[in-house]
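Note: the block below is protein_24.cif and it holds mmCIF, C-alpha atoms.
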data_coords
loop_
_atom_site.label_atom_id
_atom_site.label_comp_id
_atom_site.auth_asym_id
_atom_site.auth_seq_id
_atom_site.Cartn_x
_atom_site.Cartn_y
_atom_site.Cartn_z
CA MET A 978 39.90 54.84 63.27
CA PRO A 979 43.26 54.52 61.54
CA PRO A 980 46.09 56.49 63.10
CA LEU A 981 46.47 59.94 61.65
CA VAL A 982 49.94 60.78 60.51
CA PRO A 983 50.94 64.43 60.51
CA LEU A 984 50.64 65.97 57.10
CA LEU A 985 51.58 69.34 55.84
CA VAL A 986 48.42 71.33 55.65
CA SER A 987 47.61 72.78 52.30
CA GLY A 988 44.80 75.22 51.88
CA PRO A 989 42.53 75.30 48.86
CA GLU A 990 44.54 78.15 47.33
CA GLY A 991 47.81 76.27 47.67
CA TYR A 992 48.82 77.97 50.88
CA ASN A 993 51.27 75.81 52.80
CA SER A 994 51.75 75.83 56.50
CA PRO A 995 55.34 76.12 57.78
CA VAL A 996 57.32 73.13 56.60
CA ASP A 997 58.83 70.68 59.02
CA ALA A 998 62.47 70.79 57.98
CA ALA A 999 63.00 67.14 58.90
CA SER A 1000 60.28 65.98 56.53
CA PRO A 1001 60.53 67.30 53.01
CA THR A 1002 57.41 68.17 51.10
CA ILE A 1003 56.45 66.05 48.15
CA GLN A 1004 53.75 66.41 45.54
CA VAL A 1005 51.53 63.52 44.53
CA LYS A 1006 48.72 63.14 42.02
CA VAL A 1007 45.43 61.80 43.37
CA LEU A 1008 42.65 60.21 41.30
CA PHE A 1009 39.04 59.49 42.23
CA PHE A 1010 36.61 57.24 40.40
CA GLY A 1011 32.95 56.33 40.44
CA ARG A 1012 30.98 57.64 43.38
CA LEU A 1013 34.11 59.10 44.97
CA LYS A 1014 34.58 61.37 41.99
CA GLU A 1015 31.02 62.59 42.42
CA ILE A 1016 31.58 63.32 46.11
CA ILE A 1017 34.84 65.19 45.54
CA GLY A 1018 33.44 66.94 42.49
CA ARG A 1019 36.52 66.23 40.41
CA GLY A 1020 38.47 63.24 39.19
CA ASP A 1021 42.00 64.36 39.91
CA ASP A 1022 43.95 66.54 42.27
CA THR A 1023 47.53 67.37 43.14
CA VAL A 1024 48.50 67.69 46.78
CA ASP A 1025 51.57 68.53 48.84
CA LEU A 1026 52.30 66.30 51.79
CA ALA A 1027 55.15 65.04 53.93
CA GLN A 1028 57.47 62.57 52.30
CA ASP A 1029 56.69 58.97 53.29
CA ALA A 1030 53.19 59.87 54.48
CA PRO A 1031 51.12 56.70 54.01
CA ILE A 1032 48.18 56.44 51.63
CA GLU A 1033 45.95 56.18 54.71
CA ALA A 1034 46.92 59.70 55.76
CA LEU A 1035 46.19 61.06 52.32
CA PHE A 1036 42.72 59.55 52.46
CA ALA A 1037 42.21 60.93 55.97
CA ARG A 1038 42.97 64.38 54.68
CA TYR A 1039 40.23 64.13 52.05
CA SER A 1040 37.84 62.63 54.59
CA SER A 1041 38.27 65.65 56.81
CA SER A 1042 37.27 67.90 53.90
CA TYR A 1043 34.56 65.56 52.60
CA PRO A 1044 33.17 63.67 55.64
CA GLU A 1045 30.94 61.46 53.44
CA LEU A 1046 34.11 59.80 52.14
CA ALA A 1047 34.74 58.12 55.49
CA ASN A 1048 31.66 55.96 54.90
CA PHE A 1049 33.40 54.37 51.92
CA ARG A 1050 36.79 53.68 53.51
CA ALA A 1051 36.03 49.99 54.26
CA SER A 1052 34.87 49.33 50.71
CA LEU A 1053 37.76 50.92 48.83
CA VAL A 1054 41.09 49.73 47.59
CA ALA A 1055 44.00 52.06 46.96
CA SER A 1056 46.56 52.01 44.21
CA ARG A 1057 50.01 53.58 43.89
CA ASN A 1058 51.42 53.99 40.39
CA GLN A 1059 48.79 51.71 38.83
CA GLU A 1060 49.36 48.86 41.31
CA PHE A 1061 47.05 47.89 44.15
CA ALA A 1062 48.72 49.07 47.32
CA ALA A 1063 48.41 48.64 51.08
CA TRP A 1064 47.02 51.63 52.98
CA SER A 1065 50.31 51.81 54.86
CA THR A 1066 52.31 52.34 51.66
CA PRO A 1067 54.57 55.40 52.07
CA LEU A 1068 54.34 57.96 49.30
CA ARG A 1069 57.17 59.48 47.31
CA ALA A 1070 57.42 62.52 45.10
CA GLY A 1071 55.58 62.10 41.82
CA ASP A 1072 53.49 59.12 42.90
CA GLU A 1073 50.04 58.66 41.41
CA VAL A 1074 47.54 57.48 43.99
CA ALA A 1075 43.99 56.39 43.21
CA PHE A 1076 41.07 55.46 45.46
CA LEU A 1077 39.07 52.71 43.79
CA PRO A 1078 35.52 51.62 44.63
CA PRO A 1079 34.55 47.97 44.03
CA VAL A 1080 35.08 47.36 40.32
CA SER A 1081 32.12 46.56 38.08
CA GLY A 1082 33.47 46.16 34.58
CA GLY A 1083 32.34 43.47 32.18
CA MET B 98 38.87 43.44 4.95
CA SER B 99 41.89 41.21 5.18
CA THR B 100 43.69 42.89 8.04
CA THR B 101 44.17 40.70 11.07
CA THR B 102 44.41 43.39 13.74
CA PRO B 103 41.87 46.04 14.66
CA LYS B 104 42.71 49.56 13.63
CA PRO B 105 43.84 51.54 16.65
CA GLY B 106 42.38 54.79 15.41
CA SER B 107 39.26 54.80 17.59
CA THR B 108 40.82 53.36 20.70
CA ALA B 109 41.44 55.25 23.90
CA GLN B 110 44.20 52.90 24.95
CA ILE B 111 45.89 50.18 22.93
CA SER B 112 48.47 47.76 24.14
CA THR B 113 49.97 44.83 22.28
CA ALA B 114 52.88 42.62 23.25
CA ALA B 115 53.69 39.02 22.61
CA ALA B 116 50.42 37.55 21.36
CA ASP B 117 48.07 39.67 23.43
CA LEU B 118 45.77 42.36 22.13
CA ILE B 119 44.38 44.64 24.84
CA LEU B 120 41.94 47.43 23.98
CA LEU B 121 39.87 50.10 25.67
CA VAL B 122 37.51 51.65 23.14
CA ARG B 123 34.79 54.28 23.07
CA GLU B 124 33.01 52.97 20.00
CA ALA B 125 31.51 49.60 19.13
CA ILE B 126 33.89 46.70 19.72
CA ASP B 127 34.89 45.00 16.48
CA SER B 128 34.52 41.47 17.82
CA GLU B 129 35.12 39.84 14.45
CA ALA B 130 38.50 41.55 14.24
CA LEU B 131 39.43 40.19 17.67
CA VAL B 132 38.53 36.67 16.58
CA ARG B 133 40.59 37.08 13.41
CA TYR B 134 43.47 38.35 15.52
CA VAL B 135 43.66 35.32 17.81
CA ARG B 136 42.99 32.66 15.18
CA THR B 137 46.17 31.22 13.67
CA ALA B 138 47.02 28.08 11.72
CA ALA B 139 48.31 26.50 14.93
CA ASP B 140 44.90 26.67 16.61
CA GLY B 141 42.17 24.05 16.79
CA ALA B 142 39.82 26.17 18.88
CA VAL B 143 38.74 29.76 19.45
CA VAL B 144 36.52 30.50 22.46
CA THR B 145 34.93 33.91 22.87
CA PHE B 146 33.01 35.72 25.58
CA ASP B 147 30.60 38.47 24.57
CA GLY B 148 29.46 40.52 27.55
CA CYS B 149 26.41 42.61 26.63
CA VAL B 150 24.15 45.17 28.23
CA ARG B 151 21.08 43.59 29.80
CA ASN B 152 17.69 45.34 29.84
CA GLN B 153 17.08 44.91 33.57
CA SER B 154 18.94 44.98 36.85
CA HIS B 155 17.61 44.07 40.31
CA GLY B 156 14.06 44.05 39.01
CA ARG B 157 14.17 47.45 37.31
CA TRP B 158 14.24 48.23 33.61
CA THR B 159 17.62 49.60 32.58
CA LEU B 160 17.73 52.52 30.15
CA TYR B 161 21.45 52.48 29.45
CA LEU B 162 24.84 52.09 31.13
CA ASP B 163 27.80 54.42 31.41
CA TYR B 164 31.27 52.93 31.90
CA GLU B 165 34.36 54.70 33.15
CA ALA B 166 37.87 53.40 33.78
CA TYR B 167 41.19 54.22 35.33
CA GLU B 168 42.46 53.76 31.83
CA SER B 169 46.22 53.32 32.28
CA MET B 170 45.75 50.87 35.15
CA ALA B 171 42.91 49.04 33.43
CA VAL B 172 45.07 48.35 30.39
CA ALA B 173 47.90 47.16 32.65
CA LYS B 174 45.57 44.83 34.57
CA MET B 175 44.00 43.45 31.38
CA ARG B 176 47.51 42.74 30.12
CA GLU B 177 48.33 40.92 33.35
CA ILE B 178 45.25 38.76 32.85
CA ALA B 179 46.41 37.75 29.38
CA VAL B 180 49.90 36.96 30.66
CA ALA B 181 48.49 34.94 33.57
CA ALA B 182 46.14 33.05 31.26
CA ARG B 183 49.01 32.04 29.03
CA ALA B 184 51.08 30.92 32.02
CA LYS B 185 48.19 28.89 33.41
CA PHE B 186 46.67 27.29 30.32
CA GLY B 187 47.98 25.85 27.08
CA ILE B 188 46.71 28.65 24.89
CA ASP B 189 47.92 30.56 21.87
CA ARG B 190 46.58 34.14 21.70
CA VAL B 191 44.40 36.36 23.87
CA ALA B 192 42.43 39.45 22.85
CA ILE B 193 40.49 41.51 25.40
CA ALA B 194 38.49 44.62 24.54
CA HIS B 195 36.38 46.70 26.92
CA ARG B 196 34.18 49.57 25.89
CA LEU B 197 33.77 52.83 27.84
CA GLY B 198 31.17 55.57 27.81
CA ARG B 199 27.45 55.23 27.22
CA LEU B 200 26.22 51.81 26.09
CA GLU B 201 22.69 50.99 25.01
CA ILE B 202 20.78 47.79 25.73
CA GLY B 203 22.17 44.88 23.72
CA GLU B 204 25.54 46.44 22.97
CA THR B 205 28.78 44.62 23.76
CA SER B 206 30.63 46.01 26.76
CA VAL B 207 33.44 43.47 26.87
CA PHE B 208 34.69 40.91 24.37
CA ILE B 209 37.33 38.26 24.96
CA ALA B 210 38.76 35.84 22.41
CA VAL B 211 41.20 33.05 23.22
CA SER B 212 42.78 30.63 20.80
CA ALA B 213 44.44 27.33 21.60
CA PRO B 214 45.51 24.13 19.89
CA HIS B 215 42.78 22.27 21.84
CA ARG B 216 39.39 23.40 23.17
CA PRO B 217 39.70 22.69 26.92
CA ALA B 218 42.46 25.23 27.41
CA ALA B 219 40.60 27.83 25.33
CA PHE B 220 37.40 27.41 27.38
CA ASP B 221 39.26 27.48 30.70
CA ALA B 222 41.35 30.51 29.80
CA CYS B 223 38.38 32.50 28.49
CA ARG B 224 36.44 31.83 31.69
CA PHE B 225 39.49 32.76 33.77
CA ALA B 226 39.93 35.98 31.81
CA ILE B 227 36.38 37.30 32.23
CA ASP B 228 36.16 36.26 35.89
CA THR B 229 39.48 37.91 36.70
CA LEU B 230 38.58 41.02 34.72
CA LYS B 231 35.36 41.47 36.67
CA GLY B 232 37.23 41.21 39.96
CA THR B 233 40.40 43.19 39.34
CA VAL B 234 40.24 45.63 36.42
CA PRO B 235 39.47 49.22 37.50
CA ILE B 236 36.36 49.82 35.41
CA TRP B 237 33.02 50.99 36.80
CA LYS B 238 29.52 51.09 35.39
CA LYS B 239 26.67 53.36 36.33
CA GLU B 240 23.19 51.99 35.64
CA TYR B 241 20.54 54.45 34.51
CA PHE B 242 16.88 53.74 35.21
CA GLU B 243 13.73 55.76 34.61
CA ASP B 244 13.76 56.89 38.24
CA GLY B 245 17.46 57.45 38.80
CA ALA B 246 20.94 56.01 38.49
CA VAL B 247 23.21 53.89 40.66
CA TRP B 248 26.79 52.71 40.52
CA ALA B 249 26.62 48.95 40.03
CA ASP B 250 27.58 46.68 42.89
CA GLY B 251 31.07 45.49 42.25
CA GLU B 252 33.90 43.40 43.59
CA LEU B 253 36.66 44.81 45.76
CA PRO B 254 39.99 43.79 44.26
CA PRO B 255 42.45 42.14 46.65
CA ALA B 256 45.16 44.49 47.88
CA PRO B 257 48.39 43.83 49.74
CA PRO B 258 47.97 43.76 53.53
CA ASP B 259 48.99 46.74 55.62
CA THR B 260 52.36 46.69 57.25
CA PRO B 261 53.12 48.62 60.43
CA ILE B 262 54.40 52.09 59.68
CA ALA B 263 58.15 52.03 60.12
CA LYS B 264 59.61 54.30 62.75
CA PRO B 265 62.04 56.82 61.27
CA ALA B 266 65.63 55.82 61.78
CA SER B 267 67.31 57.87 64.48
#

Any chance you could put this one into structure tokens?
Amino acid sequence: MPPLVPLLVSGPEGYNSPVDAASPTIQVKVLFFGRLKEIIGRGDDTVDLAQDAPIEALFARYSSSYPELANFRASLVASRNQEFAAWSTPLRAGDEVAFLPPVSGG
Amino acid sequence: MSTTTPKPGSTAQISTAAADLILLVREAIDSEALVRYVRTAADGAVVTFDGCVRNQSHGRWTLYLDYEAYESMAVAKMREIAVAARAKFGIDRVAIAHRLGRLEIGETSVFIAVSAPHRPAAFDACRFAIDTLKGTVPIWKKEYFEDGAVWADGELPPAPPDTPIAKPAS
């Protein structure tokens, strides 16, 4: 299991838990494609999380809400702002993150 | 028709720079327009790749395919392929079009045209372009059969390796 990094917890209605003053909250856009979109039930989302939280932690958050996602972790690649990105990439305000299954164009 | 570039009206995403024409479209790909686009007086060869929807997959009859894309990133990655092809091979122009949405058997899903002064570079660059597209461009196809549908097996694009998470400075 990858290490879990503390994230600000955001409920489905946008409720935020008390904010850690040392770690400002940022908002990022999240995109899902292919089978992931079907599991999540939507193609895009906006989430609040701690600044510099890695992409891995963002995925872990979705996996806790949608356990089936964890099965796909080893066969996904992540992107940040339309570039393939390491799972350890820290996120900044306004980033666009996508979780991409194996590509099958052509 | 004497225009040399496809009309952008029906395209979801269009991107042109230098001599590259990159298209994501939701209607039939105008492959003849792509060929006209790449073919200049300086060229001795045009090589094209026409990727089309096959009627079977893994021993089952296919009814149709449905393609989706991360459109902004797909256009960026297709552009990178054209740039890399030009850096690698002695070619003139590159045009790459990929179609999205529902495609019937026999329809063209991807079309690539490459022009060059001489044929070896055009062949090599066209092969490079389709192989790289299939391995790196964020497009997905779902195959529909009489008894269900599956997301096609694909290739996982290479990503940068993880780096240890930096400790916050104290």

Exercise. Select all residues from chain B having any atom no more than 9 Å from an atom of chain A (counting all atoms listed in the file, ignoring ligands), output as a PyMOL selection string.
Key: chain B and resi 148-149+164-167+169-171+173-174+195-196+206-208+227-228+230-239+248-262

Quiz item: What's the 10 Å shell around B:Val132, counting all atoms listed in the file, without same-chain residues fewer than 5 positions away, as a PyMOL selection string?
Solution: chain B and resi 101-102+127+137+143-145+190-192+208-212

Exercise. Have a look at atom CA of A:Ile1003 and atom CA of A:Glu1073 and let me know their distance in Å, one decimal.
Key: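 A separation of 11.9 Å between them.
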
Practice problem: May I ask for the distance between atom CA of B:Leu131 and atom CA of B:Ile202, given in Å to one decimal place? | Solution: 21.7 Å

Quiz item: Which residues match the PyMOL selection byres ((chain A and resi 1002) around 6) in the file above, as number ranges by chain?
Solution: A: 1001, 1003, 1026-1028

Please produce an output containing C-alpha atoms for each residue in the selection, written as a compact mmCIF listing (two decimals), in the frame of the given file.
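The result, written out as again09.txt:
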# COMPACT_ATOMS: atom_id res chain seq x y z
CA PRO A 1001 60.53 67.30 53.01
CA ILE A 1003 56.45 66.05 48.15
CA LEU A 1026 52.30 66.30 51.79
CA ALA A 1027 55.15 65.04 53.93
CA GLN A 1028 57.47 62.57 52.30

Quiz item: How far is it from atom CA of A:Leu1035 to atom CA of A:Glu1015, in Å with one decimal?
Solution: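 Atom CA of A:Glu1015 lies at a distance of 18.2 Å from atom CA of A:Leu1035.
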
Quiz prompt | Answer key for the PyMOL selection byres ((chain A and resi 1024) around 6), residues as a ChimeraX atom specification | solution = /A:1004-1005,1023,1025

Save the residues we just selected, C-alpha atoms, as a PDB file, keeping the file's coordinate frame?
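Just written: part_16.pdb:
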ATOM      1  CA  GLN A1004      53.750  66.410  45.540  1.00  0.00           C
ATOM      2  CA  VAL A1005      51.530  63.520  44.530  1.00  0.00           C
ATOM      3  CA  THR A1023      47.530  67.370  43.140  1.00  0.00           C
ATOM      4  CA  ASP A1025      51.570  68.530  48.840  1.00  0.00           C
TER       5      ASP A1025
END

Quiz item: With distances taken over all atoms listed in the file, which of B:Leu160, B:Ala226, B:Leu118, B:Ala130 is nearest to B:Asp244?
Solution: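 Closest to B:Asp244, using all atoms listed in the file: B:Leu160.
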
Quiz item: With distances taken over all atoms listed in the file, which of B:Leu200, B:Ile119, B:Val135, B:Ala184 is nearest to B:Asp163?
Solution: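 With all atoms listed in the file as the atom set, the closest residue is B:Leu200.
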
Quiz item: So which residues touch B:Phe242 within 8 Å, counting only C-alpha atoms, skipping near sequence neighbours fewer than 5 positions away, as a PyMOL selection string?
Solution: chain B and resi 157-161

Quiz item: So which one's closest to A:Glu1045, A:Ile1017, A:Val1074, A:Leu1068, A:Val1007? Using all atoms listed in the file, please.
Solution: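 For A:Glu1045, the nearest of the given residues is A:Ile1017.
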